[in-house]
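Peer 1: Sending over a structure as structure tokens; questions will come in a sec.
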Amino acid sequence: MTGRGRPRSKNSQDTKCTTSTTRAAETPKDNLKAKNAKRCGGKAKSPETTEKQPAVKVKSPQKFVEETKKTQLEMPKSTMEAEATKATKCTDKTKSVEEFTDKTKMAQPQKCEDNAALNTLLRKTLEELKIKRNDRADAAKVVNELVKNITMHLKKNSECFKEVEEPLPTGSYYENLKISSPDEFDFMLPMPVNRVTIEPFGDDGAFYSVALKRGGSPLKKFEENNVLSASKMLTEFREEVVKCVKGFKGTEWKVTRKKKGCPAVTLNTELQSITISVDVVLCLVVKSSWPVFTKEGLKIESWLGTKVKQEYKRKPYYLIPKYEGRGTVEVDGVLAKDNWRISFSHVEKAILKNHGSEKTCCEKHGASCCRKDCLKLLKHLLHLLKERDSSFDKFCSYHAKTTVLHACASRTKDSDWSASTLSHCFQLLLKDFIDHLENGRLNNFFVPNQNLLSSPGQTQCKKLARCIREESDRGFPIFK
């Protein structure tokens, strides 16, 4: 081995050149790796640095230990503590990262499993709610026959209602939203009123008094103090329906007892052990501009488009003989029971049938969404909770429908409601409904000033919100 003081041989220069050549042959990538290599205690030295350092004698293990102890004794206490803290932090940091990674690995599969299980449960529930095709056909046949006969009876035997127009089917059955069995059907029988003056009753824009202008309308009979009396008109309509049913040949129908504030005449019959209920509602069809209270409603521009909204706004609107609260309440000489509530059920049906931002949504060759499935599940959940707790009776399927309309106007893209994300979309919809309940406010989709949750009250709204949240947190045992 050559010592430090010995002169270089002739080959020293050649060795130096060879080393330089070798160093130049190294790729930039290799140099970069060497320079950037990091360790907990410091940086790795580059090859150049290593080359330039003089040779270091390797110390024996015993000598290394002795020198280390000596260094530690000479080192100030503060420096030693700082070094120890630094080492501890490094270890703790590594440990915390490992723990976080382990927890993430454990939580992710569990979350996926939960979503998959919920999706399976919701799909199974929807399958159970489907109406059999034969049951649907049998029910529709007897119901259509009944409504057809009532319409014919009014045209032929009633002077007041002889101008009645063709029945307008509404409600969940005709929106393809009926669940479990075809046991409830809704029809409106429209009476045209070409020249009327309407005045809002109250300040929310949902109720109106109606006055007939000059003309020979057969409805003049029901005028009282220059106002068309909804209660008088509904009473006579009910009498005519009873006459029709008594002389009806075929299925036996019974007219149920009138409910306070209810605008419908309800008829029941038994069909294959299922009680079928039909609500027939007399209404006024007004073929003029929608009331000013609807100006801020029907926010579907970003969802269905401005042109579609304009088409809907050109349609007539309907007034049905319904009031809220006590019928004897009087405003400006008009009783609440003689007022009419505005209805856009025909537009609701059109929206739910053509609900996609893309025209092909849910068509044969288009992508499927879960908007209607989410509404069915929410209606079913509400129905089951009402069966379990009668204090929820003031909540109805219209609250669920309105929540869905607002949700669709908020999450406008069909991809937001992809059929493959049913469980996620349903939980988002439940969150919307819970928010409405906790705030005690659910605006009418067409008349924003009307709060549909004013009748149930804050206490019941919060109670229902708690029940829904509990069901969601527990994986919906009510569906099992």
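Labeling convention for the structure tokens: chains A, B, ... as they appear, residues from 1 per chain, ligands from 1 in order of appearance.
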Could you write out, as a ChimeraX atom specification, all the residues of segment 212-453 of chain A that DSSP marks as helix (DSSP H, G or I)?
Peer 2: /A:218-222,230-246,292-294,306-313,336-338,345-353,371-388,390-392,397-410,414-417,419-439
Peer 1: Excluding segment 405-410 of chain A and residues on its chain fewer than 5 positions from it, collect all residues at most 10 Å away from it, counting only C-alpha atoms, and give them as a PyMOL selection string.
Peer 2: chain A and resi 298-304+348+351-352+355-357+371+375+400+416-417+428-429+432-433+442-445
Peer 1: For a quick check of understanding, using only C-alpha atoms, which of A:Lys295, A:Ile150, A:Lys372, A:Ala206 has the smallest distance to Lys353 of chain A?
Peer 2: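 When distances to Lys353 of chain A are compared using only C-alpha atoms, the smallest one comes from A:Lys372.
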Peer 1: For segment 324-337 of chain A, work out the shell of residues within 9 Å, counting only C-alpha atoms and skipping chain neighbours fewer than 4 positions away, then give it as a PyMOL selection string.
Peer 2: chain A and resi 201-202+207+209+225+227+229-231+260-261+455
Peer 1: Rounded to one decimal in Å, what is the spacing between atom CA of Thr306 of chain A and atom CA of Ser368 of chain A?
Peer 2: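 Distance between the two atoms: 23.3 Å.
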Peer 1: Nearest to Glu184 of chain A: which of A:Arg136, A:Lys394, A:Lys221, A:Lys130 is it, counting only C-alpha atoms?
Peer 2: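 So, comparing all the options, the nearest one is A:Arg136.
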Peer 1: Would you mind reading off the distance between atom CA of Ser397 of chain A and atom CA of Leu437 of chain A, one decimal, in Å?
Peer 2: 14.2 Å
Peer 1: Distance atom CA of Arg466 of chain A-atom CA of Gln427 of chain A, one decimal place?
Peer 2: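 Pair atom CA of Arg466 of chain A / atom CA of Gln427 of chain A returns 14.5 Å.
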Peer 1: Counting only C-alpha atoms, figure out which residue out of A:Gly215, A:Ile478, A:Leu168, A:Arg123 gets nearest to Phe185 of chain A.
Peer 2: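 Between A:Gly215, A:Ile478, A:Leu168, A:Arg123, the residue approaching Phe185 of chain A most closely is A:Leu168.
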Peer 1: Considering only C-alpha atoms, state which residue in the set A:Asn194, A:Ser158, A:Gln460, A:Ser415 is at the smallest distance from Ser288 of chain A.
Peer 2: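 Closest candidate: A:Asn194.
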Peer 1: Set the distance at 9 Å and use only C-alpha atoms: which residues neighbour Lys232 of chain A once local chain neighbours fewer than 4 positions away are removed? I'd like the list as a list of chain:residue names.
Peer 2: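 Answer for this query is A:Phe222, A:Glu223, A:Leu228, A:Glu236, A:Phe237, A:Asp338.
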Peer 1: So that I can see what lies close to Met191 of chain A, please list as a PyMOL selection string the residues with an atom at most 7 Å from it, counting only C-alpha atoms and leaving out residues fewer than 4 positions away in the same chain.
Peer 2: chain A and resi 163-165+283-285
Peer 1: Go ahead and dump the residues you just picked, N, CA and C atoms, as a PDB file, in the first residue's frame.
Peer 2:
ATOM      1  N   GLU A 163    -120.841  21.818 -19.331  1.00  0.00           N
ATOM      2  CA  GLU A 163    -119.686  22.223 -20.141  1.00  0.00           C
ATOM      3  C   GLU A 163    -118.379  21.575 -19.668  1.00  0.00           C
ATOM      4  N   VAL A 164    -118.500  20.609 -18.785  1.00  0.00           N
ATOM      5  CA  VAL A 164    -117.300  19.962 -18.241  1.00  0.00           C
ATOM      6  C   VAL A 164    -116.447  19.380 -19.367  1.00  0.00           C
ATOM      7  N   GLU A 165    -115.144  19.527 -19.234  1.00  0.00           N
ATOM      8  CA  GLU A 165    -114.216  19.025 -20.244  1.00  0.00           C
ATOM      9  C   GLU A 165    -113.772  17.608 -19.907  1.00  0.00           C
ATOM     10  N   CYS A 283    -112.799  21.226 -10.857  1.00  0.00           N
ATOM     11  CA  CYS A 283    -111.876  22.367 -10.852  1.00  0.00           C
ATOM     12  C   CYS A 283    -112.254  23.361 -11.944  1.00  0.00           C
ATOM     13  N   LEU A 284    -111.734  24.547 -11.817  1.00  0.00           N
ATOM     14  CA  LEU A 284    -111.890  25.581 -12.832  1.00  0.00           C
ATOM     15  C   LEU A 284    -110.616  25.626 -13.658  1.00  0.00           C
ATOM     16  N   VAL A 285    -110.751  25.667 -14.981  1.00  0.00           N
ATOM     17  CA  VAL A 285    -109.578  25.806 -15.830  1.00  0.00           C
ATOM     18  C   VAL A 285    -109.544  27.238 -16.348  1.00  0.00           C
TER      19      VAL A 285
END
Peer 1: Return as number ranges by chain the full set of residues in segment 194-225 of chain A whose backbone-based DSSP assignment is strand (DSSP E or B).
Peer 2: A: 196-200, 207-212, 223-224
Peer 1: The selected residues should be written to file as a PDB file, in the first residue's frame (atoms: C-alpha atoms).
Peer 2:
ATOM      1  CA  VAL A 196    -112.981  35.717 -14.552  1.00  0.00           C
ATOM      2  CA  THR A 197    -111.355  38.057 -12.090  1.00  0.00           C
ATOM      3  CA  ILE A 198    -109.196  36.468  -9.430  1.00  0.00           C
ATOM      4  CA  GLU A 199    -107.997  38.087  -6.212  1.00  0.00           C
ATOM      5  CA  PRO A 200    -105.457  36.577  -3.818  1.00  0.00           C
ATOM      6  CA  PHE A 207    -105.460  30.781  -2.602  1.00  0.00           C
ATOM      7  CA  TYR A 208    -107.831  33.020  -4.585  1.00  0.00           C
ATOM      8  CA  SER A 209    -111.363  34.291  -4.694  1.00  0.00           C
ATOM      9  CA  VAL A 210    -113.001  34.111  -8.146  1.00  0.00           C
ATOM     10  CA  ALA A 211    -115.544  36.469  -9.656  1.00  0.00           C
ATOM     11  CA  LEU A 212    -117.320  35.777 -12.946  1.00  0.00           C
ATOM     12  CA  GLU A 223    -122.281  33.232  -7.111  1.00  0.00           C
ATOM     13  CA  GLU A 224    -122.585  34.790  -3.683  1.00  0.00           C
TER      14      GLU A 224
END
Peer 1: Would you list the contacts of segment 245-251 of chain A as a PyMOL selection string, taking every protein, DNA or RNA residue within 10 Å and counting only C-alpha atoms, but skipping same-chain residues closer than 2 positions in sequence?
Peer 2: chain A and resi 142-143+145-146+149-150+153+240-243+253-255+267+269-271
